[in-house]
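Source file: final_28.pdb (PDB, C-alpha atoms and all ligand atoms)
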ATOM      1  CA  MET Q   1     -82.514 167.408  24.063  1.00  0.00           C
ATOM      2  CA  ARG Q   2     -80.247 167.021  27.085  1.00  0.00           C
ATOM      3  CA  ILE Q   3     -78.293 163.779  27.521  1.00  0.00           C
ATOM      4  CA  ASP Q   4     -76.354 162.885  30.676  1.00  0.00           C
ATOM      5  CA  ILE Q   5     -74.243 159.747  30.850  1.00  0.00           C
ATOM      6  CA  VAL Q   6     -72.817 158.284  34.065  1.00  0.00           C
ATOM      7  CA  THR Q   7     -69.904 155.903  33.482  1.00  0.00           C
ATOM      8  CA  ILE Q   8     -66.473 154.913  34.806  1.00  0.00           C
ATOM      9  CA  PHE Q   9     -65.175 155.479  31.251  1.00  0.00           C
ATOM     10  CA  PRO Q  10     -66.259 159.058  30.366  1.00  0.00           C
ATOM     11  CA  GLU Q  11     -63.550 159.330  27.719  1.00  0.00           C
ATOM     12  CA  PHE Q  12     -65.355 156.561  25.819  1.00  0.00           C
ATOM     13  CA  PHE Q  13     -67.925 159.169  24.728  1.00  0.00           C
ATOM     14  CA  ARG Q  14     -65.407 161.648  23.249  1.00  0.00           C
ATOM     15  CA  VAL Q  15     -66.318 160.158  19.866  1.00  0.00           C
ATOM     16  CA  LEU Q  16     -69.707 161.894  20.155  1.00  0.00           C
ATOM     17  CA  ASP Q  17     -67.874 165.160  19.415  1.00  0.00           C
ATOM     18  CA  LEU Q  18     -67.429 163.938  15.850  1.00  0.00           C
ATOM     19  CA  SER Q  19     -69.820 163.619  12.882  1.00  0.00           C
ATOM     20  CA  LEU Q  20     -73.539 164.319  12.915  1.00  0.00           C
ATOM     21  CA  LEU Q  21     -73.917 164.415  16.656  1.00  0.00           C
ATOM     22  CA  GLY Q  22     -70.897 166.667  16.950  1.00  0.00           C
ATOM     23  CA  LYS Q  23     -72.686 169.203  14.758  1.00  0.00           C
ATOM     24  CA  ALA Q  24     -75.911 168.792  16.738  1.00  0.00           C
ATOM     25  CA  ARG Q  25     -73.962 169.532  19.893  1.00  0.00           C
ATOM     26  CA  GLN Q  26     -72.341 172.634  18.365  1.00  0.00           C
ATOM     27  CA  THR Q  27     -75.762 173.952  17.305  1.00  0.00           C
ATOM     28  CA  GLY Q  28     -77.197 173.202  20.738  1.00  0.00           C
ATOM     29  CA  LEU Q  29     -79.780 170.747  19.371  1.00  0.00           C
ATOM     30  CA  ILE Q  30     -78.367 168.041  21.604  1.00  0.00           C
ATOM     31  CA  GLU Q  31     -76.368 168.654  24.792  1.00  0.00           C
ATOM     32  CA  VAL Q  32     -74.311 165.634  25.915  1.00  0.00           C
ATOM     33  CA  THR Q  33     -72.404 165.433  29.204  1.00  0.00           C
ATOM     34  CA  ALA Q  34     -70.458 162.366  30.396  1.00  0.00           C
ATOM     35  CA  HIS Q  35     -69.967 162.165  34.185  1.00  0.00           C
ATOM     36  CA  ASP Q  36     -67.251 160.044  35.818  1.00  0.00           C
ATOM     37  CA  LEU Q  37     -68.877 157.865  38.488  1.00  0.00           C
ATOM     38  CA  ARG Q  38     -65.581 157.842  40.416  1.00  0.00           C
ATOM     39  CA  ASP Q  39     -65.966 161.591  40.985  1.00  0.00           C
ATOM     40  CA  PHE Q  40     -68.796 160.637  43.370  1.00  0.00           C
ATOM     41  CA  THR Q  41     -66.674 158.357  45.575  1.00  0.00           C
ATOM     42  CA  HIS Q  42     -64.876 159.497  48.747  1.00  0.00           C
ATOM     43  CA  ASP Q  43     -62.219 156.886  49.430  1.00  0.00           C
ATOM     44  CA  ARG Q  44     -58.591 156.978  48.373  1.00  0.00           C
ATOM     45  CA  HIS Q  45     -59.110 154.225  45.790  1.00  0.00           C
ATOM     46  CA  ARG Q  46     -62.306 155.812  44.367  1.00  0.00           C
ATOM     47  CA  THR Q  47     -64.085 152.472  44.863  1.00  0.00           C
ATOM     48  CA  VAL Q  48     -67.245 151.819  42.817  1.00  0.00           C
ATOM     49  CA  ASP Q  49     -67.710 148.068  43.284  1.00  0.00           C
ATOM     50  CA  ASP Q  50     -67.848 145.376  45.940  1.00  0.00           C
ATOM     51  CA  THR Q  51     -68.509 141.648  46.311  1.00  0.00           C
ATOM     52  CA  PRO Q  52     -72.071 140.409  45.713  1.00  0.00           C
ATOM     53  CA  TYR Q  53     -74.329 139.554  48.682  1.00  0.00           C
ATOM     54  CA  GLY Q  54     -75.266 135.878  48.392  1.00  0.00           C
ATOM     55  CA  GLY Q  55     -71.918 135.040  46.796  1.00  0.00           C
ATOM     56  CA  GLY Q  56     -71.197 134.424  43.113  1.00  0.00           C
ATOM     57  CA  ALA Q  57     -68.529 135.454  40.656  1.00  0.00           C
ATOM     58  CA  GLY Q  58     -67.601 139.022  39.861  1.00  0.00           C
ATOM     59  CA  MET Q  59     -68.336 142.339  41.557  1.00  0.00           C
ATOM     60  CA  VAL Q  60     -71.433 144.528  41.821  1.00  0.00           C
ATOM     61  CA  MET Q  61     -71.449 148.337  41.535  1.00  0.00           C
ATOM     62  CA  LYS Q  62     -72.067 150.010  44.891  1.00  0.00           C
ATOM     63  CA  PRO Q  63     -75.296 152.083  45.230  1.00  0.00           C
ATOM     64  CA  GLU Q  64     -73.813 155.094  47.060  1.00  0.00           C
ATOM     65  CA  PRO Q  65     -71.753 156.594  44.196  1.00  0.00           C
ATOM     66  CA  TRP Q  66     -74.696 156.074  41.841  1.00  0.00           C
ATOM     67  CA  GLY Q  67     -77.042 157.874  44.211  1.00  0.00           C
ATOM     68  CA  GLU Q  68     -74.713 160.856  44.489  1.00  0.00           C
ATOM     69  CA  ALA Q  69     -74.067 160.967  40.742  1.00  0.00           C
ATOM     70  CA  LEU Q  70     -77.721 160.704  39.710  1.00  0.00           C
ATOM     71  CA  ASP Q  71     -78.868 163.208  42.366  1.00  0.00           C
ATOM     72  CA  ALA Q  72     -76.253 165.643  41.026  1.00  0.00           C
ATOM     73  CA  ILE Q  73     -77.957 165.344  37.619  1.00  0.00           C
ATOM     74  CA  VAL Q  74     -81.692 165.151  38.433  1.00  0.00           C
ATOM     75  CA  GLY Q  75     -81.785 166.748  41.895  1.00  0.00           C
ATOM     76  CA  ASP Q  76     -83.093 165.045  45.035  1.00  0.00           C
ATOM     77  CA  GLY Q  77     -86.819 164.884  44.244  1.00  0.00           C
ATOM     78  CA  ALA Q  78     -89.080 163.852  41.374  1.00  0.00           C
ATOM     79  CA  SER Q  79     -87.771 164.324  37.842  1.00  0.00           C
ATOM     80  CA  ASP Q  80     -89.296 164.343  34.343  1.00  0.00           C
ATOM     81  CA  ALA Q  81     -86.064 162.900  32.921  1.00  0.00           C
ATOM     82  CA  LEU Q  82     -86.012 159.312  31.688  1.00  0.00           C
ATOM     83  CA  LEU Q  83     -83.355 157.107  33.293  1.00  0.00           C
ATOM     84  CA  VAL Q  84     -82.144 154.490  30.798  1.00  0.00           C
ATOM     85  CA  VAL Q  85     -80.203 151.552  32.232  1.00  0.00           C
ATOM     86  CA  PRO Q  86     -78.612 149.287  29.603  1.00  0.00           C
ATOM     87  CA  SER Q  87     -78.890 145.692  30.804  1.00  0.00           C
ATOM     88  CA  PRO Q  88     -78.824 142.145  29.400  1.00  0.00           C
ATOM     89  CA  ALA Q  89     -82.189 141.814  31.176  1.00  0.00           C
ATOM     90  CA  GLY Q  90     -83.673 144.872  29.470  1.00  0.00           C
ATOM     91  CA  GLU Q  91     -86.392 145.281  26.839  1.00  0.00           C
ATOM     92  CA  PRO Q  92     -85.013 144.984  23.281  1.00  0.00           C
ATOM     93  CA  PHE Q  93     -83.754 148.204  21.717  1.00  0.00           C
ATOM     94  CA  THR Q  94     -85.651 148.753  18.454  1.00  0.00           C
ATOM     95  CA  GLN Q  95     -86.238 151.565  15.983  1.00  0.00           C
ATOM     96  CA  GLN Q  96     -89.543 152.215  17.728  1.00  0.00           C
ATOM     97  CA  LEU Q  97     -87.743 152.555  21.056  1.00  0.00           C
ATOM     98  CA  ALA Q  98     -85.226 154.893  19.373  1.00  0.00           C
ATOM     99  CA  ARG Q  99     -88.167 157.065  18.299  1.00  0.00           C
ATOM    100  CA  GLU Q 100     -89.455 157.090  21.882  1.00  0.00           C
ATOM    101  CA  LEU Q 101     -86.057 158.131  23.241  1.00  0.00           C
ATOM    102  CA  ALA Q 102     -85.790 160.823  20.534  1.00  0.00           C
ATOM    103  CA  ALA Q 103     -88.996 162.392  21.855  1.00  0.00           C
ATOM    104  CA  GLU Q 104     -87.580 162.848  25.365  1.00  0.00           C
ATOM    105  CA  GLU Q 105     -86.393 166.248  26.610  1.00  0.00           C
ATOM    106  CA  HIS Q 106     -83.853 164.787  29.063  1.00  0.00           C
ATOM    107  CA  LEU Q 107     -82.237 161.342  28.931  1.00  0.00           C
ATOM    108  CA  VAL Q 108     -79.961 160.031  31.690  1.00  0.00           C
ATOM    109  CA  PHE Q 109     -77.958 156.891  30.830  1.00  0.00           C
ATOM    110  CA  ALA Q 110     -76.504 154.749  33.642  1.00  0.00           C
ATOM    111  CA  CYS Q 111     -73.627 152.688  32.254  1.00  0.00           C
ATOM    112  CA  GLY Q 112     -72.973 149.707  34.497  1.00  0.00           C
ATOM    113  CA  ARG Q 113     -69.866 147.555  34.502  1.00  0.00           C
ATOM    114  CA  TYR Q 114     -68.730 144.411  36.368  1.00  0.00           C
ATOM    115  CA  GLU Q 115     -71.861 142.262  36.987  1.00  0.00           C
ATOM    116  CA  GLY Q 116     -74.147 145.290  37.001  1.00  0.00           C
ATOM    117  CA  ILE Q 117     -75.459 147.966  39.370  1.00  0.00           C
ATOM    118  CA  ASP Q 118     -76.937 147.246  42.847  1.00  0.00           C
ATOM    119  CA  GLN Q 119     -80.674 146.731  42.186  1.00  0.00           C
ATOM    120  CA  ARG Q 120     -81.626 149.304  44.813  1.00  0.00           C
ATOM    121  CA  VAL Q 121     -80.435 152.089  42.494  1.00  0.00           C
ATOM    122  CA  VAL Q 122     -83.122 151.192  39.927  1.00  0.00           C
ATOM    123  CA  ASP Q 123     -85.693 150.567  42.676  1.00  0.00           C
ATOM    124  CA  HIS Q 124     -84.982 153.942  44.325  1.00  0.00           C
ATOM    125  CA  TYR Q 125     -85.046 156.055  41.179  1.00  0.00           C
ATOM    126  CA  ALA Q 126     -88.180 154.283  39.944  1.00  0.00           C
ATOM    127  CA  THR Q 127     -89.966 156.069  42.836  1.00  0.00           C
ATOM    128  CA  ARG Q 128     -88.816 159.467  41.497  1.00  0.00           C
ATOM    129  CA  MET Q 129     -88.723 159.174  37.722  1.00  0.00           C
ATOM    130  CA  ARG Q 130     -89.377 156.886  34.772  1.00  0.00           C
ATOM    131  CA  VAL Q 131     -86.751 154.123  34.495  1.00  0.00           C
ATOM    132  CA  ARG Q 132     -86.295 151.777  31.505  1.00  0.00           C
ATOM    133  CA  LEU Q 133     -83.924 148.812  31.369  1.00  0.00           C
ATOM    134  CA  ILE Q 134     -82.969 148.359  27.701  1.00  0.00           C
ATOM    135  CA  SER Q 135     -80.903 145.635  26.026  1.00  0.00           C
ATOM    136  CA  LEU Q 136     -78.973 146.237  22.816  1.00  0.00           C
ATOM    137  CA  GLY Q 137     -79.404 142.604  21.780  1.00  0.00           C
ATOM    138  CA  ASP Q 138     -79.162 138.966  22.782  1.00  0.00           C
ATOM    139  CA  TYR Q 139     -75.414 138.818  23.320  1.00  0.00           C
ATOM    140  CA  VAL Q 140     -73.213 139.667  26.301  1.00  0.00           C
ATOM    141  CA  LEU Q 141     -71.223 142.909  26.505  1.00  0.00           C
ATOM    142  CA  ASN Q 142     -68.801 143.913  29.294  1.00  0.00           C
ATOM    143  CA  GLY Q 143     -70.712 147.041  30.214  1.00  0.00           C
ATOM    144  CA  GLY Q 144     -73.308 149.550  29.125  1.00  0.00           C
ATOM    145  CA  GLU Q 145     -71.141 152.040  27.211  1.00  0.00           C
ATOM    146  CA  VAL Q 146     -71.359 150.412  23.763  1.00  0.00           C
ATOM    147  CA  ALA Q 147     -75.114 150.068  24.171  1.00  0.00           C
ATOM    148  CA  VAL Q 148     -75.490 153.718  25.218  1.00  0.00           C
ATOM    149  CA  MET Q 149     -73.423 154.841  22.224  1.00  0.00           C
ATOM    150  CA  ALA Q 150     -75.760 152.928  19.902  1.00  0.00           C
ATOM    151  CA  MET Q 151     -78.861 154.273  21.609  1.00  0.00           C
ATOM    152  CA  ILE Q 152     -77.617 157.879  21.473  1.00  0.00           C
ATOM    153  CA  GLU Q 153     -76.761 157.553  17.782  1.00  0.00           C
ATOM    154  CA  ALA Q 154     -80.067 155.854  16.865  1.00  0.00           C
ATOM    155  CA  ALA Q 155     -82.182 158.323  18.862  1.00  0.00           C
ATOM    156  CA  GLY Q 156     -80.038 161.408  18.207  1.00  0.00           C
ATOM    157  CA  ARG Q 157     -80.362 161.125  14.433  1.00  0.00           C
ATOM    158  CA  LEU Q 158     -84.164 161.179  14.795  1.00  0.00           C
ATOM    159  CA  VAL Q 159     -84.155 164.501  16.680  1.00  0.00           C
ATOM    160  CA  PRO Q 160     -85.603 167.118  14.269  1.00  0.00           C
ATOM    161  CA  GLY Q 161     -82.835 169.184  12.693  1.00  0.00           C
ATOM    162  CA  VAL Q 162     -80.001 166.727  13.375  1.00  0.00           C
ATOM    163  CA  VAL Q 163     -80.139 164.989   9.984  1.00  0.00           C
ATOM    164  CA  GLY Q 164     -79.979 167.529   7.135  1.00  0.00           C
ATOM    165  CA  ASN Q 165     -82.479 165.780   4.865  1.00  0.00           C
ATOM    166  CA  PRO Q 166     -85.347 164.332   6.972  1.00  0.00           C
ATOM    167  CA  GLU Q 167     -86.525 162.387   3.903  1.00  0.00           C
ATOM    168  CA  SER Q 168     -83.488 160.141   4.307  1.00  0.00           C
ATOM    169  CA  LEU Q 169     -84.912 158.963   7.629  1.00  0.00           C
ATOM    170  CA  VAL Q 170     -88.044 157.597   6.020  1.00  0.00           C
ATOM    171  CA  GLU Q 171     -86.720 154.992   3.556  1.00  0.00           C
ATOM    172  CA  GLU Q 172     -84.355 153.256   5.958  1.00  0.00           C
ATOM    173  CA  SER Q 173     -84.255 149.729   7.214  1.00  0.00           C
ATOM    174  CA  HIS Q 174     -86.865 149.180   9.914  1.00  0.00           C
ATOM    175  CA  GLU Q 175     -88.697 152.403   9.064  1.00  0.00           C
ATOM    176  CA  GLY Q 176     -92.137 151.197   7.913  1.00  0.00           C
ATOM    177  CA  GLY Q 177     -91.273 147.705   9.143  1.00  0.00           C
ATOM    178  CA  LEU Q 178     -89.260 146.624   6.078  1.00  0.00           C
ATOM    179  CA  LEU Q 179     -85.531 146.372   5.364  1.00  0.00           C
ATOM    180  CA  GLU Q 180     -84.114 148.989   3.017  1.00  0.00           C
ATOM    181  CA  TYR Q 181     -83.692 148.524  -0.749  1.00  0.00           C
ATOM    182  CA  PRO Q 182     -80.152 148.247  -2.243  1.00  0.00           C
ATOM    183  CA  SER Q 183     -78.496 151.545  -3.197  1.00  0.00           C
ATOM    184  CA  TYR Q 184     -76.223 152.410  -6.141  1.00  0.00           C
ATOM    185  CA  THR Q 185     -74.246 155.422  -7.368  1.00  0.00           C
ATOM    186  CA  LYS Q 186     -71.832 156.256 -10.221  1.00  0.00           C
ATOM    187  CA  PRO Q 187     -70.215 154.675 -12.175  1.00  0.00           C
ATOM    188  CA  ALA Q 188     -73.038 152.865 -14.030  1.00  0.00           C
ATOM    189  CA  ALA Q 189     -70.682 149.881 -14.520  1.00  0.00           C
ATOM    190  CA  TRP Q 190     -68.043 148.698 -12.048  1.00  0.00           C
ATOM    191  CA  ARG Q 191     -65.980 145.522 -12.353  1.00  0.00           C
ATOM    192  CA  GLU Q 192     -68.497 144.291 -14.937  1.00  0.00           C
ATOM    193  CA  LEU Q 193     -71.376 144.867 -12.499  1.00  0.00           C
ATOM    194  CA  GLU Q 194     -74.161 147.056 -13.886  1.00  0.00           C
ATOM    195  CA  VAL Q 195     -76.599 149.291 -11.998  1.00  0.00           C
ATOM    196  CA  PRO Q 196     -80.171 147.904 -12.381  1.00  0.00           C
ATOM    197  CA  PRO Q 197     -81.439 149.583 -15.604  1.00  0.00           C
ATOM    198  CA  VAL Q 198     -84.717 150.735 -13.980  1.00  0.00           C
ATOM    199  CA  LEU Q 199     -82.698 153.122 -11.793  1.00  0.00           C
ATOM    200  CA  LEU Q 200     -81.325 154.813 -14.924  1.00  0.00           C
ATOM    201  CA  SER Q 201     -84.741 154.980 -16.618  1.00  0.00           C
ATOM    202  CA  GLY Q 202     -85.980 158.221 -15.093  1.00  0.00           C
ATOM    203  CA  ASN Q 203     -89.355 156.494 -14.637  1.00  0.00           C
ATOM    204  CA  HIS Q 204     -90.064 157.419 -11.005  1.00  0.00           C
ATOM    205  CA  GLY Q 205     -93.127 155.166 -10.744  1.00  0.00           C
ATOM    206  CA  ALA Q 206     -91.168 152.149 -11.966  1.00  0.00           C
ATOM    207  CA  ILE Q 207     -88.246 153.036  -9.673  1.00  0.00           C
ATOM    208  CA  ALA Q 208     -90.540 153.281  -6.627  1.00  0.00           C
ATOM    209  CA  ALA Q 209     -92.179 149.940  -7.526  1.00  0.00           C
ATOM    210  CA  TRP Q 210     -88.782 148.256  -8.004  1.00  0.00           C
ATOM    211  CA  ARG Q 211     -87.525 149.606  -4.665  1.00  0.00           C
ATOM    212  CA  ARG Q 212     -90.648 148.414  -2.844  1.00  0.00           C
ATOM    213  CA  GLU Q 213     -90.261 144.946  -4.357  1.00  0.00           C
ATOM    214  CA  GLN Q 214     -86.599 144.898  -3.323  1.00  0.00           C
ATOM    215  CA  GLN Q 215     -87.588 145.809   0.243  1.00  0.00           C
ATOM    216  CA  LEU Q 216     -90.171 143.014   0.373  1.00  0.00           C
ATOM    217  CA  GLU Q 217     -87.835 140.420  -1.188  1.00  0.00           C
ATOM    218  CA  ARG Q 218     -84.967 141.333   1.134  1.00  0.00           C
ATOM    219  CA  THR Q 219     -87.220 141.324   4.197  1.00  0.00           C
ATOM    220  CA  ARG Q 220     -88.752 137.953   3.235  1.00  0.00           C
ATOM    221  CA  ARG Q 221     -85.250 136.487   2.775  1.00  0.00           C
ATOM    222  CA  VAL Q 222     -83.365 138.029   5.736  1.00  0.00           C
ATOM    223  CA  ARG Q 223     -85.988 138.932   8.364  1.00  0.00           C
ATOM    224  CA  PRO Q 224     -89.255 137.065   7.572  1.00  0.00           C
ATOM    225  CA  GLU Q 225     -90.514 137.653  11.103  1.00  0.00           C
ATOM    226  CA  LEU Q 226     -90.820 141.382  10.346  1.00  0.00           C
ATOM    227  CA  LEU Q 227     -93.631 140.512   7.910  1.00  0.00           C
ATOM    228  CA  ASP Q 228     -95.773 138.746  10.546  1.00  0.00           C
TER     229      ASP Q 228
HETATM  230  N1  LIG Q 301     -77.555 146.846  26.886  1.00  0.00           N
HETATM  231  C1  LIG Q 301     -76.937 145.870  27.041  1.00  0.00           C
HETATM  232  C2  LIG Q 301     -76.207 144.656  27.135  1.00  0.00           C
HETATM  233  C3  LIG Q 301     -75.251 144.213  28.062  1.00  0.00           C
HETATM  234  C4  LIG Q 301     -74.752 144.869  29.289  1.00  0.00           C
HETATM  235  C5  LIG Q 301     -75.253 146.108  29.700  1.00  0.00           C
HETATM  236  C6  LIG Q 301     -74.807 146.665  30.889  1.00  0.00           C
HETATM  237  C7  LIG Q 301     -73.863 145.986  31.667  1.00  0.00           C
HETATM  238  C8  LIG Q 301     -73.254 146.242  32.907  1.00  0.00           C
HETATM  239  C9  LIG Q 301     -72.389 145.193  33.181  1.00  0.00           C
HETATM  240  N2  LIG Q 301     -72.460 144.314  32.153  1.00  0.00           N
HETATM  241  C10 LIG Q 301     -71.697 143.053  32.079  1.00  0.00           C
HETATM  242  C11 LIG Q 301     -72.603 141.919  32.359  1.00  0.00           C
HETATM  243  C12 LIG Q 301     -72.552 140.817  31.531  1.00  0.00           C
HETATM  244  C13 LIG Q 301     -73.396 139.719  31.799  1.00  0.00           C
HETATM  245  C14 LIG Q 301     -74.266 139.756  32.859  1.00  0.00           C
HETATM  246  C15 LIG Q 301     -75.194 138.577  33.123  1.00  0.00           C
HETATM  247  N3  LIG Q 301     -74.787 137.875  34.340  1.00  0.00           N
HETATM  248  C16 LIG Q 301     -75.847 136.911  34.694  1.00  0.00           C
HETATM  249  C17 LIG Q 301     -75.428 136.084  35.923  1.00  0.00           C
HETATM  250  O1  LIG Q 301     -74.203 135.445  35.626  1.00  0.00           O
HETATM  251  C18 LIG Q 301     -73.157 136.374  35.354  1.00  0.00           C
HETATM  252  C19 LIG Q 301     -73.496 137.217  34.151  1.00  0.00           C
HETATM  253  C20 LIG Q 301     -74.321 140.861  33.682  1.00  0.00           C
HETATM  254  C21 LIG Q 301     -73.482 141.971  33.419  1.00  0.00           C
HETATM  255  C22 LIG Q 301     -73.348 144.756  31.226  1.00  0.00           C
HETATM  256  C23 LIG Q 301     -73.787 144.183  30.054  1.00  0.00           C
HETATM  257  N4  LIG Q 301     -74.850 142.980  27.686  1.00  0.00           N
HETATM  258  N5  LIG Q 301     -75.494 142.651  26.557  1.00  0.00           N
HETATM  259  C24 LIG Q 301     -76.337 143.639  26.194  1.00  0.00           C
HETATM  260  N6  LIG Q 301     -77.170 143.619  25.096  1.00  0.00           N
END

This structure in structure tokens:
Amino acid sequence: MRIDIVTIFPEFFRVLDLSLLGKARQTGLIEVTAHDLRDFTHDRHRTVDDTPYGGGAGMVMKPEPWGEALDAIVGDGASDALLVVPSPAGEPFTQQLARELAAEEHLVFACGRYEGIDQRVVDHYATRMRVRLISLGDYVLNGGEVAVMAMIEAAGRLVPGVVGNPESLVEESHEGGLLEYPSYTKPAAWRELEVPPVLLSGNHGAIAAWRREQQLERTRRVRPELLD
């Protein structure tokens, strides 16, 4: 999988050199490149924003630098890449959407700032490639970078070979539509708190049944809408 990110804060994505995704990058499973949008400006101040037509607070990101940056990544014609634009107005990011992103060969993330990117950028690239506006959740961020980091982590870990033990991807929260069961490890007693005895029983059928019941109880209590 190839991932390109366009942002005015490319150093924000240095953290992707660490941990699981760092290893996936070293093995070539996932190739991540962050591009500085200001490298595609031509004025002394490397300007990427301007006042909004129609008035209103804040600034809007100019289309020209975005056009040059995205053309440098996907060329000047049609592209099979998927352009992902984080936006408060986007479709909700879910585990299912993470699976869909994980199946893509080439993802291009456009990280907006200020009040967002001139709409014509999305409208233009929608004539040349698939474009999806995606929202991390119903709260307001200052830009797309945090959302892109979450999307790359959620999708990247689903790419075959990235997570050592694929079984660990199955019994997670939101896999299979339920929240995950509680987990325990040694010691068997800690600050007078005991591990549930069934987990020490060695009875794999009883353990599986207990875990399933825990998933259902937790989902009913915390996220009942997932059971609809
Ligand atoms: N993913 C994701 C996100 C984002 C996100 C993603 C990308 C950008 C680029 C700029 N921003 C700042 C911004 C904040 C609020 C608004 C709404 N405006 C409506 C009219 O009144 C002014 C305010 C617009 C832009 C972004 C925010 N926020 N929350 C998510 N789940």

Test item: which residues lie within 10 Å of (-85.3, 154.9, 19.4) counting all atoms listed in the file, as a ChimeraX atom specification: /Q:93-103,150-158

Counting only C-alpha atoms, the option among Q:Val159, Q:Ala206, Q:Cys111, Q:Leu178 closest to Q:Asp228: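 Under the stated criterion, the closest residue is Q:Leu178.
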
Interatomic distance (Å, one decimal) between atom CA of Q:Ile73 and atom CA of Q:Val122: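 If I compute the distance from atom CA of Q:Ile73 to atom CA of Q:Val122, I get 15.2 Å.
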
Taking (-79.9, 139.2, 23.1) in the file's own coordinates, collect the residues within 9 Å, counting all atoms listed in the file, and hand them back as a PDB file with C-alpha atoms, in the coordinates of the input.
ATOM      1  CA  PRO Q  88     -78.824 142.145  29.400  1.00  0.00           C
ATOM      2  CA  ALA Q  89     -82.189 141.814  31.176  1.00  0.00           C
ATOM      3  CA  PRO Q  92     -85.013 144.984  23.281  1.00  0.00           C
ATOM      4  CA  SER Q 135     -80.903 145.635  26.026  1.00  0.00           C
ATOM      5  CA  LEU Q 136     -78.973 146.237  22.816  1.00  0.00           C
ATOM      6  CA  GLY Q 137     -79.404 142.604  21.780  1.00  0.00           C
ATOM      7  CA  ASP Q 138     -79.162 138.966  22.782  1.00  0.00           C
ATOM      8  CA  TYR Q 139     -75.414 138.818  23.320  1.00  0.00           C
ATOM      9  CA  VAL Q 140     -73.213 139.667  26.301  1.00  0.00           C
TER      10      VAL Q 140
END

Once you count all atoms listed in the file, which residues end up within 8 Å of ligand LIG 301 (chain Q), and could you hand them over as a PDB file with C-alpha atoms, in the frame of the given file?
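The result, stored in out-v9.pdb:
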ATOM      1  CA  ALA Q  57     -68.529 135.454  40.656  1.00  0.00           C
ATOM      2  CA  GLY Q  58     -67.601 139.022  39.861  1.00  0.00           C
ATOM      3  CA  VAL Q  85     -80.203 151.552  32.232  1.00  0.00           C
ATOM      4  CA  PRO Q  86     -78.612 149.287  29.603  1.00  0.00           C
ATOM      5  CA  SER Q  87     -78.890 145.692  30.804  1.00  0.00           C
ATOM      6  CA  PRO Q  88     -78.824 142.145  29.400  1.00  0.00           C
ATOM      7  CA  ALA Q  89     -82.189 141.814  31.176  1.00  0.00           C
ATOM      8  CA  GLY Q  90     -83.673 144.872  29.470  1.00  0.00           C
ATOM      9  CA  CYS Q 111     -73.627 152.688  32.254  1.00  0.00           C
ATOM     10  CA  GLY Q 112     -72.973 149.707  34.497  1.00  0.00           C
ATOM     11  CA  ARG Q 113     -69.866 147.555  34.502  1.00  0.00           C
ATOM     12  CA  TYR Q 114     -68.730 144.411  36.368  1.00  0.00           C
ATOM     13  CA  GLU Q 115     -71.861 142.262  36.987  1.00  0.00           C
ATOM     14  CA  GLY Q 116     -74.147 145.290  37.001  1.00  0.00           C
ATOM     15  CA  ILE Q 117     -75.459 147.966  39.370  1.00  0.00           C
ATOM     16  CA  ILE Q 134     -82.969 148.359  27.701  1.00  0.00           C
ATOM     17  CA  SER Q 135     -80.903 145.635  26.026  1.00  0.00           C
ATOM     18  CA  LEU Q 136     -78.973 146.237  22.816  1.00  0.00           C
ATOM     19  CA  GLY Q 137     -79.404 142.604  21.780  1.00  0.00           C
ATOM     20  CA  ASP Q 138     -79.162 138.966  22.782  1.00  0.00           C
ATOM     21  CA  TYR Q 139     -75.414 138.818  23.320  1.00  0.00           C
ATOM     22  CA  VAL Q 140     -73.213 139.667  26.301  1.00  0.00           C
ATOM     23  CA  LEU Q 141     -71.223 142.909  26.505  1.00  0.00           C
ATOM     24  CA  ASN Q 142     -68.801 143.913  29.294  1.00  0.00           C
ATOM     25  CA  GLY Q 143     -70.712 147.041  30.214  1.00  0.00           C
ATOM     26  CA  GLY Q 144     -73.308 149.550  29.125  1.00  0.00           C
ATOM     27  CA  GLU Q 145     -71.141 152.040  27.211  1.00  0.00           C
ATOM     28  CA  VAL Q 146     -71.359 150.412  23.763  1.00  0.00           C
ATOM     29  CA  ALA Q 147     -75.114 150.068  24.171  1.00  0.00           C
ATOM     30  CA  VAL Q 148     -75.490 153.718  25.218  1.00  0.00           C
TER      31      VAL Q 148
END

Contacts of Q:Met61 within 12 Å, all atoms listed in the file, excl. fewer than 3 positions in-chain, as a PyMOL selection string: chain Q and resi 7-8+37-38+41+47-53+58+64-67+110-121+143

Interatomic distance, atom CA of Q:Thr219 to atom CA of Q:Gly177 (Å, one decimal): 9.0 Å

Atom CA of Q:Pro196 to atom CA of Q:Ala209, straight-line distance in Å: 13.1 Å

Ground truth for the PyMOL selection byres (((chain Q and resi 16) around 9) and not hetatm), written as a PyMOL selection string: chain Q and resi 12-15+17-22+25+32+149+152-153

Just to be explicit: take each residue in the selection above, keep C-alpha atoms, and write the result as a compact mmCIF listing (two decimals), in the frame of the given file.
# COMPACT_ATOMS: atom_id res chain seq x y z
CA PHE Q 12 -65.36 156.56 25.82
CA PHE Q 13 -67.92 159.17 24.73
CA ARG Q 14 -65.41 161.65 23.25
CA VAL Q 15 -66.32 160.16 19.87
CA ASP Q 17 -67.87 165.16 19.42
CA LEU Q 18 -67.43 163.94 15.85
CA SER Q 19 -69.82 163.62 12.88
CA LEU Q 20 -73.54 164.32 12.92
CA LEU Q 21 -73.92 164.42 16.66
CA GLY Q 22 -70.90 166.67 16.95
CA ARG Q 25 -73.96 169.53 19.89
CA VAL Q 32 -74.31 165.63 25.92
CA MET Q 149 -73.42 154.84 22.22
CA ILE Q 152 -77.62 157.88 21.47
CA GLU Q 153 -76.76 157.55 17.78

8 Å contact set for Q:Arg128, all atoms listed in the file, chain neighbours under 6 positions out, as a ChimeraX atom specification: /Q:77-79

Target residues per the PyMOL selection byres (((chain Q and resi 84) around 6) and not hetatm), formatted as a list in words: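 Answer for the PyMOL selection byres (((chain Q and resi 84) around 6) and not hetatm): Leu83, Val85, Phe109, Val131, Arg132 and Leu133 of chain Q.
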